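> start13.txt (compact mmCIF, C-alpha atoms and all ligand atoms) pasted underneath:
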```
# COMPACT_ATOMS: atom_id res chain seq x y z
CA MET W 23 -32.16 34.19 -3.04
CA THR W 24 -30.25 32.20 -5.60
CA ASN W 25 -31.52 30.83 -8.89
CA THR W 26 -29.80 27.49 -8.48
CA ASN W 27 -30.02 24.93 -5.70
CA GLY W 28 -26.58 24.53 -4.11
CA GLN W 29 -27.69 21.71 -1.84
CA ARG W 30 -29.03 19.68 -4.76
CA LEU W 31 -25.78 20.21 -6.68
CA TRP W 32 -23.75 19.14 -3.64
CA ASP W 33 -25.89 16.04 -3.11
CA SER W 34 -25.45 15.06 -6.74
CA LEU W 35 -21.68 15.59 -6.55
CA MET W 36 -21.45 13.40 -3.46
CA GLU W 37 -23.66 10.73 -5.06
CA MET W 38 -21.50 10.73 -8.19
CA ALA W 39 -18.33 10.54 -6.05
CA LYS W 40 -19.49 7.21 -4.60
CA ILE W 41 -18.82 5.71 -8.04
CA GLY W 42 -15.13 4.85 -7.86
CA GLY W 43 -14.90 6.38 -4.39
CA THR W 44 -11.57 5.62 -2.68
CA GLU W 45 -10.76 5.02 0.96
CA LYS W 46 -9.00 8.37 1.20
CA GLY W 47 -12.11 10.20 0.03
CA GLY W 48 -11.12 10.62 -3.59
CA VAL W 49 -12.27 9.05 -6.84
CA ASN W 50 -10.71 6.51 -9.21
CA ARG W 51 -12.86 6.48 -12.34
CA LEU W 52 -10.67 5.86 -15.35
CA THR W 53 -12.05 6.16 -18.87
CA GLY W 54 -13.74 3.11 -20.33
CA THR W 55 -13.91 1.15 -17.07
CA ASP W 56 -17.07 -0.30 -15.54
CA LEU W 57 -17.02 2.62 -13.11
CA ASP W 58 -16.98 5.04 -16.04
CA LYS W 59 -20.09 3.22 -17.32
CA GLN W 60 -21.80 3.56 -13.94
CA SER W 61 -21.11 7.29 -13.80
CA ARG W 62 -22.44 7.72 -17.33
CA ASP W 63 -25.57 5.68 -16.54
CA LEU W 64 -26.28 7.85 -13.51
CA PHE W 65 -25.65 11.09 -15.42
CA LYS W 66 -27.90 9.92 -18.27
CA ARG W 67 -30.68 8.97 -15.88
CA TRP W 68 -30.50 12.33 -14.10
CA CYS W 69 -30.56 14.17 -17.43
CA GLU W 70 -33.57 12.19 -18.66
CA GLU W 71 -35.36 12.79 -15.36
CA ALA W 72 -34.77 16.51 -15.97
CA GLY W 73 -36.53 16.17 -19.33
CA CYS W 74 -33.43 16.13 -21.53
CA THR W 75 -32.78 14.06 -24.62
CA VAL W 76 -29.36 12.44 -24.49
CA THR W 77 -27.39 11.77 -27.65
CA ILE W 78 -24.05 10.00 -27.72
CA ASP W 79 -21.37 10.12 -30.37
CA ALA W 80 -19.09 7.33 -31.56
CA LEU W 81 -16.43 8.17 -28.95
CA GLY W 82 -18.91 8.31 -26.07
CA ASN W 83 -19.17 12.10 -25.81
CA MET W 84 -22.63 12.68 -24.27
CA PHE W 85 -24.93 15.65 -25.03
CA ALA W 86 -28.11 16.15 -22.93
CA ARG W 87 -30.44 18.72 -24.47
CA ARG W 88 -33.17 20.82 -22.90
CA PRO W 89 -35.07 22.22 -25.86
CA GLY W 90 -35.39 25.95 -26.43
CA LYS W 91 -38.23 27.83 -28.09
CA ASN W 92 -36.18 28.16 -31.22
CA SER W 93 -35.15 24.67 -32.26
CA GLY W 94 -33.18 26.12 -35.17
CA LYS W 95 -30.71 27.70 -32.79
CA LEU W 96 -27.52 25.94 -31.75
CA PRO W 97 -27.42 25.03 -28.06
CA VAL W 98 -25.67 26.85 -25.26
CA ALA W 99 -23.67 23.97 -23.81
CA ILE W 100 -22.17 23.55 -20.37
CA GLY W 101 -19.98 20.63 -19.39
CA SER W 102 -16.72 18.95 -18.52
CA HIS W 103 -15.77 15.30 -17.88
CA LEU W 104 -16.71 12.42 -15.56
CA ASP W 105 -13.45 10.48 -15.87
CA SER W 106 -10.83 10.98 -13.17
CA GLN W 107 -7.18 10.41 -12.38
CA PRO W 108 -6.40 7.10 -10.61
CA THR W 109 -5.99 9.08 -7.39
CA GLY W 110 -8.36 11.87 -8.36
CA GLY W 111 -10.74 14.02 -6.39
CA LYS W 112 -14.51 14.43 -6.33
CA TYR W 113 -14.56 17.75 -8.18
CA ASP W 114 -12.17 17.73 -11.13
CA GLY W 115 -14.54 17.28 -14.04
CA ALA W 116 -17.64 16.12 -12.19
CA LEU W 117 -18.34 19.63 -10.89
CA GLY W 118 -18.48 21.05 -14.42
CA VAL W 119 -20.85 18.34 -15.63
CA LEU W 120 -23.16 18.37 -12.61
CA ALA W 121 -23.24 22.17 -12.42
CA GLY W 122 -24.50 22.09 -16.02
CA LEU W 123 -27.20 19.67 -14.91
CA GLU W 124 -28.01 21.97 -11.99
CA VAL W 125 -28.54 24.85 -14.43
CA ILE W 126 -31.03 22.71 -16.36
CA ARG W 127 -32.79 21.54 -13.22
CA SER W 128 -33.06 25.17 -12.08
CA LEU W 129 -34.44 26.34 -15.43
CA ASN W 130 -37.08 23.63 -14.95
CA ASP W 131 -37.81 24.75 -11.36
CA HIS W 132 -38.44 28.30 -12.50
CA GLY W 133 -40.35 27.24 -15.63
CA ILE W 134 -37.98 29.32 -17.73
CA GLU W 135 -38.08 28.89 -21.45
CA THR W 136 -34.88 29.81 -23.27
CA ASP W 137 -34.67 30.82 -26.89
CA ALA W 138 -31.74 28.53 -27.71
CA PRO W 139 -31.59 24.98 -26.32
CA VAL W 140 -29.36 24.41 -23.27
CA GLU W 141 -27.19 21.31 -23.10
CA VAL W 142 -24.94 19.49 -20.65
CA VAL W 143 -21.93 17.67 -22.09
CA ASN W 144 -19.74 14.88 -20.72
CA TRP W 145 -16.54 14.64 -22.80
CA THR W 146 -14.75 11.26 -22.94
CA ASN W 147 -11.20 10.87 -21.58
CA GLU W 148 -10.26 14.38 -20.54
CA GLU W 149 -7.65 13.20 -18.07
CA GLY W 150 -5.36 11.33 -20.44
CA SER W 151 -4.33 9.00 -17.64
CA ARG W 152 -5.41 5.60 -18.92
CA PHE W 153 -5.31 6.73 -22.57
CA SER W 154 -2.96 9.51 -23.70
CA PRO W 155 -3.07 12.29 -24.80
CA PRO W 156 -5.61 14.14 -22.63
CA MET W 157 -8.74 15.91 -23.90
CA THR W 158 -8.84 13.13 -26.47
CA CYS W 159 -12.50 13.14 -27.41
CA SER W 160 -13.18 16.88 -27.19
CA GLY W 161 -10.08 17.03 -29.41
CA ALA W 162 -11.62 14.59 -31.89
CA TYR W 163 -14.89 16.52 -31.68
CA ALA W 164 -13.01 19.69 -32.61
CA GLY W 165 -11.14 17.98 -35.47
CA VAL W 166 -7.74 18.18 -33.76
CA PHE W 167 -7.48 14.38 -33.78
CA THR W 168 -9.08 11.96 -36.21
CA VAL W 169 -11.68 9.64 -34.72
CA ASP W 170 -9.45 6.69 -35.61
CA TYR W 171 -6.53 8.23 -33.75
CA ALA W 172 -8.66 8.85 -30.65
CA ALA W 173 -10.23 5.39 -30.75
CA SER W 174 -6.87 3.68 -31.19
CA ARG W 175 -5.23 5.19 -28.08
CA ALA W 176 -4.12 2.18 -26.04
CA ASP W 177 -3.68 1.68 -22.31
CA GLU W 178 -0.65 -0.10 -20.86
CA ASN W 179 -2.33 -3.48 -21.45
CA GLY W 180 -3.01 -2.75 -25.11
CA LYS W 181 -6.77 -2.17 -24.73
CA THR W 182 -7.93 0.74 -26.85
CA LEU W 183 -10.19 3.63 -25.97
CA GLY W 184 -12.54 2.67 -28.82
CA GLU W 185 -12.84 -0.95 -27.66
CA GLU W 186 -13.40 0.02 -24.06
CA ILE W 187 -16.03 2.68 -24.82
CA ALA W 188 -17.85 0.10 -26.99
CA ARG W 189 -17.52 -2.55 -24.26
CA ILE W 190 -19.26 -0.33 -21.71
CA GLY W 191 -22.03 0.45 -24.23
CA TYR W 192 -21.18 4.08 -24.89
CA ALA W 193 -20.03 4.07 -28.51
CA GLY W 194 -23.08 5.96 -29.76
CA PRO W 195 -24.52 6.37 -33.24
CA GLU W 196 -23.81 10.07 -33.75
CA PRO W 197 -20.74 10.90 -35.89
CA VAL W 198 -18.09 12.70 -33.83
CA GLY W 199 -18.21 16.46 -34.46
CA ASP W 200 -21.68 16.47 -36.02
CA HIS W 201 -23.34 17.71 -32.85
CA LYS W 202 -22.80 21.45 -33.24
CA LEU W 203 -22.72 23.81 -30.29
CA GLY W 204 -23.64 27.51 -30.28
CA CYS W 205 -21.20 28.11 -27.44
CA PHE W 206 -19.61 26.21 -24.55
CA LEU W 207 -19.03 27.05 -20.88
CA GLU W 208 -16.98 24.94 -18.48
CA LEU W 209 -16.92 25.33 -14.72
CA HIS W 210 -13.92 23.79 -12.96
CA ILE W 211 -12.09 23.96 -9.68
CA GLU W 212 -9.00 26.07 -10.15
CA GLN W 213 -6.42 23.30 -9.41
CA GLY W 214 -3.93 25.89 -8.15
CA PRO W 215 -3.58 28.34 -5.26
CA VAL W 216 -4.09 31.67 -7.04
CA LEU W 217 -7.76 32.34 -6.25
CA GLU W 218 -7.50 31.08 -2.70
CA GLU W 219 -4.43 33.23 -2.03
CA GLY W 220 -6.07 36.29 -3.54
CA GLY W 221 -9.29 35.77 -1.59
CA GLU W 222 -11.31 35.80 -4.81
CA LYS W 223 -14.36 33.60 -5.14
CA ALA W 224 -14.21 33.09 -8.90
CA GLY W 225 -11.82 33.13 -11.84
CA ILE W 226 -13.04 34.32 -15.20
CA VAL W 227 -10.80 32.31 -17.48
CA THR W 228 -9.72 34.10 -20.63
CA GLY W 229 -7.59 31.29 -22.09
CA GLY W 230 -5.23 28.41 -21.42
CA GLN W 231 -1.48 27.88 -21.55
CA ALA W 232 0.40 25.80 -24.11
CA GLN W 233 1.40 22.20 -23.38
CA ARG W 234 3.69 19.56 -24.83
CA TRP W 235 3.76 15.87 -23.92
CA TYR W 236 6.52 13.38 -24.75
CA GLU W 237 7.14 9.67 -24.41
CA VAL W 238 10.74 8.65 -23.78
CA THR W 239 12.22 5.17 -24.06
CA VAL W 240 15.76 4.64 -22.82
CA THR W 241 17.34 1.33 -23.79
CA GLY W 242 20.46 -0.03 -22.09
CA GLN W 243 21.29 -3.63 -21.33
CA GLU W 244 19.92 -5.95 -18.66
CA ALA W 245 22.70 -7.58 -16.71
CA HIS W 246 23.33 -9.30 -13.39
CA ALA W 247 23.54 -6.90 -10.42
CA GLY W 248 26.41 -8.83 -8.82
CA PRO W 249 29.09 -9.73 -11.34
CA THR W 250 28.73 -6.71 -13.67
CA PRO W 251 31.37 -4.07 -12.84
CA MET W 252 30.07 -0.50 -12.50
CA ALA W 253 32.19 0.72 -15.42
CA ARG W 254 30.63 -1.80 -17.84
CA ARG W 255 26.99 -1.12 -17.16
CA LYS W 256 24.43 0.31 -19.53
CA ASP W 257 21.89 1.11 -16.87
CA ALA W 258 18.75 2.53 -18.45
CA LEU W 259 17.32 3.65 -15.12
CA VAL W 260 20.41 5.62 -14.15
CA ALA W 261 20.28 7.43 -17.50
CA ALA W 262 16.51 7.96 -17.20
CA SER W 263 16.96 9.35 -13.68
CA ARG W 264 19.42 11.94 -15.02
CA MET W 265 16.86 12.84 -17.67
CA VAL W 266 14.15 13.24 -15.01
CA ASP W 267 16.49 15.59 -13.19
CA ALA W 268 17.06 17.51 -16.45
CA VAL W 269 13.28 17.85 -16.96
CA ASN W 270 12.95 19.33 -13.49
CA ALA W 271 15.91 21.65 -14.06
CA ILE W 272 14.37 22.92 -17.31
CA GLY W 273 11.18 23.72 -15.39
CA HIS W 274 13.21 25.82 -12.96
CA GLU W 275 15.30 27.49 -15.66
CA PHE W 276 12.30 28.68 -17.69
CA GLN W 277 10.68 30.60 -14.87
CA PRO W 278 8.46 32.43 -14.50
CA ASN W 279 5.51 30.22 -15.36
CA ALA W 280 7.15 27.07 -16.76
CA CYS W 281 5.98 23.68 -15.45
CA ALA W 282 7.84 20.42 -16.13
CA THR W 283 6.81 17.01 -14.82
CA VAL W 284 7.66 13.35 -15.18
CA GLY W 285 4.61 11.57 -13.77
CA TYR W 286 4.78 8.10 -15.28
CA MET W 287 7.60 5.58 -15.49
CA ARG W 288 7.96 1.88 -16.30
CA VAL W 289 11.18 0.04 -15.57
CA TYR W 290 12.05 -3.20 -17.35
CA PRO W 291 12.43 -5.89 -16.15
CA ASN W 292 11.86 -4.28 -12.72
CA SER W 293 13.66 -6.97 -10.79
CA ARG W 294 15.81 -6.21 -7.75
CA ASN W 295 18.99 -7.90 -8.94
CA VAL W 296 18.84 -7.03 -12.64
CA ILE W 297 20.38 -3.84 -14.00
CA PRO W 298 17.44 -2.15 -15.76
CA GLY W 299 17.56 -2.63 -19.52
CA GLU W 300 14.73 -0.36 -20.53
CA VAL W 301 12.84 2.57 -19.05
CA PHE W 302 9.78 4.28 -20.45
CA PHE W 303 8.61 7.61 -19.04
CA SER W 304 6.37 10.57 -19.82
CA VAL W 305 7.22 14.28 -19.86
CA ASP W 306 4.64 17.06 -19.41
CA PHE W 307 5.80 20.62 -20.24
CA ARG W 308 3.62 23.72 -19.92
CA HIS W 309 4.10 27.45 -20.48
CA PRO W 310 1.73 30.30 -21.36
CA ASP W 311 4.00 31.32 -24.23
CA ASP W 312 4.45 28.85 -27.08
CA GLU W 313 7.89 30.19 -28.03
CA THR W 314 9.21 29.66 -24.53
CA LEU W 315 7.72 26.18 -24.64
CA SER W 316 9.70 25.60 -27.86
CA GLY W 317 12.83 26.63 -25.96
CA MET W 318 12.02 24.04 -23.29
CA ASP W 319 11.45 21.49 -26.05
CA ALA W 320 14.89 22.17 -27.56
CA ALA W 321 16.57 21.99 -24.15
CA LEU W 322 14.89 18.65 -23.41
CA LYS W 323 16.06 17.09 -26.66
CA THR W 324 19.65 18.32 -26.36
CA ARG W 325 20.04 17.29 -22.75
CA CYS W 326 18.49 13.87 -23.11
CA GLU W 327 20.74 13.14 -26.09
CA GLU W 328 23.82 14.21 -24.13
CA ILE W 329 22.85 12.09 -21.15
CA ALA W 330 22.15 9.05 -23.34
CA GLU W 331 25.47 9.36 -25.13
CA LYS W 332 27.45 9.63 -21.91
CA ALA W 333 25.62 6.67 -20.40
CA GLY W 334 26.02 4.49 -23.49
CA VAL W 335 22.28 3.92 -23.82
CA SER W 336 19.97 4.62 -26.74
CA LEU W 337 17.19 7.16 -26.66
CA ASP W 338 13.83 7.30 -28.38
CA LEU W 339 12.14 10.61 -27.54
CA VAL W 340 8.74 11.08 -29.19
CA ASP W 341 6.65 14.25 -29.18
CA ILE W 342 3.16 12.86 -28.69
CA TRP W 343 1.15 16.02 -28.15
CA HIS W 344 1.24 19.77 -28.56
CA CYS W 345 -1.59 22.06 -27.57
CA PRO W 346 -0.86 25.72 -28.38
CA PRO W 347 -2.17 28.53 -26.13
CA THR W 348 -5.90 29.15 -26.28
CA ILE W 349 -7.75 32.47 -26.19
CA PHE W 350 -11.38 32.25 -25.18
CA ASP W 351 -14.29 34.07 -26.79
CA GLU W 352 -14.93 37.58 -25.52
CA ARG W 353 -18.72 37.25 -25.62
CA CYS W 354 -18.65 34.11 -23.47
CA VAL W 355 -16.05 35.66 -21.14
CA SER W 356 -18.31 38.75 -20.76
CA ALA W 357 -21.36 36.61 -20.05
CA LEU W 358 -19.45 34.95 -17.18
CA ARG W 359 -17.99 38.26 -15.96
CA ASP W 360 -21.43 39.90 -15.91
CA ALA W 361 -23.03 36.89 -14.24
CA ALA W 362 -20.31 36.86 -11.55
CA GLN W 363 -20.91 40.55 -10.92
CA GLU W 364 -24.64 39.97 -10.67
CA ALA W 365 -24.00 37.16 -8.17
CA LYS W 366 -21.73 39.61 -6.25
CA LEU W 367 -18.77 37.25 -6.46
CA PRO W 368 -15.33 38.87 -6.26
CA ALA W 369 -13.60 37.55 -9.38
CA ARG W 370 -10.29 37.88 -11.16
CA GLU W 371 -9.42 37.21 -14.77
CA MET W 372 -6.84 34.51 -15.32
CA ILE W 373 -5.57 31.88 -17.71
CA SER W 374 -5.78 28.16 -17.01
CA GLY W 375 -2.70 26.23 -15.97
CA ALA W 376 -4.47 22.91 -16.41
CA GLY W 377 -5.75 21.33 -19.59
CA HIS W 378 -9.50 21.30 -20.10
CA ASP W 379 -11.92 20.16 -22.80
CA ALA W 380 -12.84 23.83 -23.25
CA LEU W 381 -9.41 24.43 -24.82
CA TYR W 382 -10.34 22.19 -27.74
CA VAL W 383 -14.03 23.06 -27.93
CA ALA W 384 -12.89 26.70 -28.30
CA ARG W 385 -11.62 25.81 -31.78
CA VAL W 386 -15.11 25.10 -33.08
CA ALA W 387 -17.48 27.09 -30.83
CA PRO W 388 -17.26 30.30 -28.80
CA THR W 389 -16.07 29.14 -25.39
CA ALA W 390 -15.01 30.35 -21.93
CA MET W 391 -14.37 28.90 -18.49
CA LEU W 392 -15.11 29.74 -14.91
CA PHE W 393 -12.96 28.66 -11.96
CA VAL W 394 -13.92 28.34 -8.32
CA PRO W 395 -11.31 27.94 -5.56
CA CYS W 396 -10.04 24.60 -4.43
CA LYS W 397 -8.63 24.11 -0.93
CA ASP W 398 -4.87 24.74 -0.78
CA GLY W 399 -4.87 24.58 -4.59
CA ILE W 400 -4.61 20.78 -4.34
CA SER W 401 -6.01 18.75 -7.19
CA HIS W 402 -5.24 15.43 -8.92
CA ASN W 403 -5.19 14.21 -5.34
CA GLU W 404 -7.78 12.34 -3.30
CA ALA W 405 -7.74 15.22 -0.81
CA GLU W 406 -9.02 17.67 -3.45
CA TYR W 407 -11.78 19.79 -1.91
CA ALA W 408 -14.06 22.59 -3.04
CA SER W 409 -16.56 23.89 -0.51
CA PRO W 410 -20.31 23.55 -1.05
CA GLU W 411 -20.44 27.36 -1.19
CA ALA W 412 -17.79 27.51 -3.93
CA CYS W 413 -19.56 24.85 -6.00
CA ALA W 414 -22.92 26.55 -5.55
CA ALA W 415 -21.48 29.94 -6.52
CA GLY W 416 -20.05 28.40 -9.68
CA ALA W 417 -23.42 26.97 -10.68
CA GLU W 418 -25.11 30.28 -9.98
CA VAL W 419 -22.73 32.14 -12.28
CA LEU W 420 -23.18 29.49 -14.97
CA PHE W 421 -26.94 29.91 -14.70
CA GLY W 422 -26.65 33.67 -15.22
CA ALA W 423 -24.21 33.29 -18.10
CA ALA W 424 -26.25 30.56 -19.80
CA LEU W 425 -29.40 32.70 -19.65
CA ARG W 426 -27.54 35.65 -21.13
CA LEU W 427 -26.26 33.49 -24.00
CA ALA W 428 -29.38 31.39 -24.62
CA GLY W 429 -31.85 34.27 -24.29
CA ARG W 430 -34.88 34.15 -22.03
CA VAL W 431 -38.20 34.01 -23.85
C1 LIG R 1 -5.64 17.64 -17.05
O1 LIG R 1 -6.21 17.53 -15.99
C2 LIG R 1 -4.34 18.27 -17.11
O2 LIG R 1 -4.24 19.50 -17.00
O3 LIG R 1 -3.36 17.54 -17.22
MN MN R 2 -10.63 18.39 -15.26
MN MN R 3 -7.79 16.59 -14.17
```
Show me this structure written as structure tokens.

Amino acid sequence: MTNTNGQRLWDSLMEMAKIGGTEKGGVNRLTGTDLDKQSRDLFKRWCEEAGCTVTIDALGNMFARRPGKNSGKLPVAIGSHLDSQPTGGKYDGALGVLAGLEVIRSLNDHGIETDAPVEVVNWTNEEGSRFSPPMTCSGAYAGVFTVDYAASRADENGKTLGEEIARIGYAGPEPVGDHKLGCFLELHIEQGPVLEEGGEKAGIVTGGQAQRWYEVTVTGQEAHAGPTPMARRKDALVAASRMVDAVNAIGHEFQPNACATVGYMRVYPNSRNVIPGEVFFSVDFRHPDDETLSGMDAALKTRCEEIAEKAGVSLDLVDIWHCPPTIFDERCVSALRDAAQEAKLPAREMISGAGHDALYVARVAPTAMLFVPCKDGISHNEAEYASPEACAAGAEVLFGAALRLAGRV
């Protein structure tokens, strides 16, 4: 007998995944789009049907509260994000939000009164795909970014996060950061192969690795592809390609545990018979140790400068984001560990390779995360898959942990 209803959670996940559902079975639900609005509307309706009061802050972060006996206590919050990558899966983010809702629905089913309120949270723009950097609005909530900075993040067409959240009707009245949390739990698919390879059913996440993001603009000179001799070219794409190769090499050189990715590139003017005059690309560096990440940072800057000089192009390399390593709260970690034991789930302790809202919420409230396995460790991919059993087990552990932290009356 479980406390939570795995079938109901699965049905809700599948219903949510129809919003922005792609032909390949994934989800495309970028922040601030009409699809984002639809997912928020559905989430809000489900929360209200479960008896919650939903409040929304100025950046669209949503908090759905089930009251506790003691209204003076800060809530035990559970949540994640409903936005996705452009070729995202059904589980990254949505599982953490809907599992929180499942905990509330299950508390209702069993008529359980908690001492502290229990809340479900949907954080705005975790993915950082349409608007960079990621974890933007949990970051603003935690005071890492100003609200103006978060709201002014622009997409490639110049539309800002603030404008788009207002356009879809989710710029709420509550000042960002005013809605205090007693603690925060986030359930997520693991997004890597570790749990699956180890045969464990859950990961008790004790912290997250450090990350740095950069934006690089390489400027050469547009010229005709026919009459311009090879020796006279200032080809921005050739230089940028060497830099991409350097990024990858740095990732290999700083093993174990380094990750280095170029995932976004724009080529100007992007015409077949014009030598590219300008290239813009992103760099994503990660490492559990911040000092090693600084070493990667230094290597990136030196190598890109060398490449630019040799190629006769100019370089503008901007650090846009640094998130140091995070250590989660021992009381929240224990609540999850004990709940996993009670649910008889073989679990291992681990740190997160991916970024999550929990990393920022941890700065202002005791926080921890729980991972469940994801098939072949594939995520940020339309083929992303977590089994109904894995999702249900995650919700069950959250239920146990939330009760431990909120107190049963
Ligand atoms: C967010 O999903 C990240 O880890 O980049
Ligand atoms: Mn996520
Ligand atoms: Mn993601």
> Counting all atoms listed in the file, what residues are within 8 Å of ligand MN 3 (chain R), given as a list in words?
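Taking all atoms listed in the file into account, the residues around ligand MN 3 (chain R) at most 8 Å away are Ser106, Gln107, Gly110, Asp114, Gly115, Glu148, Glu149, Ala376, Gly377, His378, Ser401 and His402 of chain W.
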> When distances are computed from all atoms listed in the file, which of W:Ala232, W:Leu117, W:Leu129, W:Cys159 shows the smallest separation from ligand MN 2 (chain R)?
W:Leu117
> Give me, as a Markdown table, each residue of chain W that comes within 12 Å of ligand MN 2 (chain R), together with its shortest interatomic pair and the distance in Å at one decimal, counting all atoms listed in the file, with rows ordered by chain and rising residue number.

```
| residue | atom | partner | partner_atom | distance |
| --- | --- | --- | --- | --- |
| W:Gly101 | CA | R:MN2 | MN | 10.5 |
| W:Ser102 | CA | R:MN2 | MN | 6.9 |
| W:His103 | CA | R:MN2 | MN | 6.5 |
| W:Leu104 | CA | R:MN2 | MN | 8.5 |
| W:Asp105 | CA | R:MN2 | MN | 8.4 |
| W:Ser106 | CA | R:MN2 | MN | 7.7 |
| W:Gln107 | CA | R:MN2 | MN | 9.2 |
| W:Gly110 | CA | R:MN2 | MN | 9.8 |
| W:Gly111 | CA | R:MN2 | MN | 9.9 |
| W:Lys112 | CA | R:MN2 | MN | 10.5 |
| W:Tyr113 | CA | R:MN2 | MN | 8.1 |
| W:Asp114 | CA | R:MN2 | MN | 4.5 |
| W:Gly115 | CA | R:MN2 | MN | 4.2 |
| W:Ala116 | CA | R:MN2 | MN | 8.0 |
| W:Leu117 | CA | R:MN2 | MN | 8.9 |
| W:Gly118 | CA | R:MN2 | MN | 8.3 |
| W:Val119 | CA | R:MN2 | MN | 10.2 |
| W:Asn144 | CA | R:MN2 | MN | 11.2 |
| W:Trp145 | CA | R:MN2 | MN | 10.3 |
| W:Thr146 | CA | R:MN2 | MN | 11.3 |
| W:Asn147 | CA | R:MN2 | MN | 9.8 |
| W:Glu148 | CA | R:MN2 | MN | 6.6 |
| W:Glu149 | CA | R:MN2 | MN | 6.6 |
| W:Gly150 | CA | R:MN2 | MN | 10.2 |
| W:Ser151 | CA | R:MN2 | MN | 11.6 |
| W:Pro156 | CA | R:MN2 | MN | 9.9 |
| W:Met157 | CA | R:MN2 | MN | 9.2 |
| W:Glu208 | CA | R:MN2 | MN | 9.7 |
| W:Leu209 | CA | R:MN2 | MN | 9.4 |
| W:His210 | CA | R:MN2 | MN | 6.7 |
| W:Ile211 | CA | R:MN2 | MN | 8.0 |
| W:Glu212 | CA | R:MN2 | MN | 9.4 |
| W:Gln213 | CA | R:MN2 | MN | 8.7 |
| W:Ser374 | CA | R:MN2 | MN | 11.0 |
| W:Gly375 | CA | R:MN2 | MN | 11.2 |
| W:Ala376 | CA | R:MN2 | MN | 7.7 |
| W:Gly377 | CA | R:MN2 | MN | 7.2 |
| W:His378 | CA | R:MN2 | MN | 5.8 |
| W:Asp379 | CA | R:MN2 | MN | 7.9 |
| W:Ala380 | CA | R:MN2 | MN | 9.9 |
| W:Leu381 | CA | R:MN2 | MN | 11.4 |
| W:Met391 | CA | R:MN2 | MN | 11.6 |
| W:Phe393 | CA | R:MN2 | MN | 11.0 |
| W:Ser401 | CA | R:MN2 | MN | 9.3 |
| W:His402 | CA | R:MN2 | MN | 8.8 |
| W:Glu406 | CA | R:MN2 | MN | 11.9 |
```
> What lies within 12 Å of Pro195 (chain W) using all atoms listed in the file, ignoring chain neighbours under 4 positions off, as a count of residues only?
14
> Go through W:Thr228, W:Thr109, W:Gln277, W:Ser263 and flag the residue nearest Cys354 (chain W), using only C-alpha atoms for the distances.
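Closest candidate: W:Thr228.
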> Please provide the set of residues having any atom within 12 Å of region 287-290 of chain W, restricted to only C-alpha atoms, with same-chain residues fewer than 5 positions apart removed, written as a VMD selection string.
chain W and resid 178 237 to 245 257 to 263 265 to 266 295 to 305
> As an exercise, work out the distance from CA of Gln60 (chain W) to CA of Val125 (chain W) in Å and give it to one decimal place.
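Interatomic distance here is 22.3 Å.
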> When you count only C-alpha atoms and all ligand atoms, which of these residues is closest to ligand LIG 1 (chain R): W:Ala414, W:Ala321, W:Cys281, W:Ala268?
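That would be W:Cys281, the residue with the smallest distance to ligand LIG 1 (chain R).
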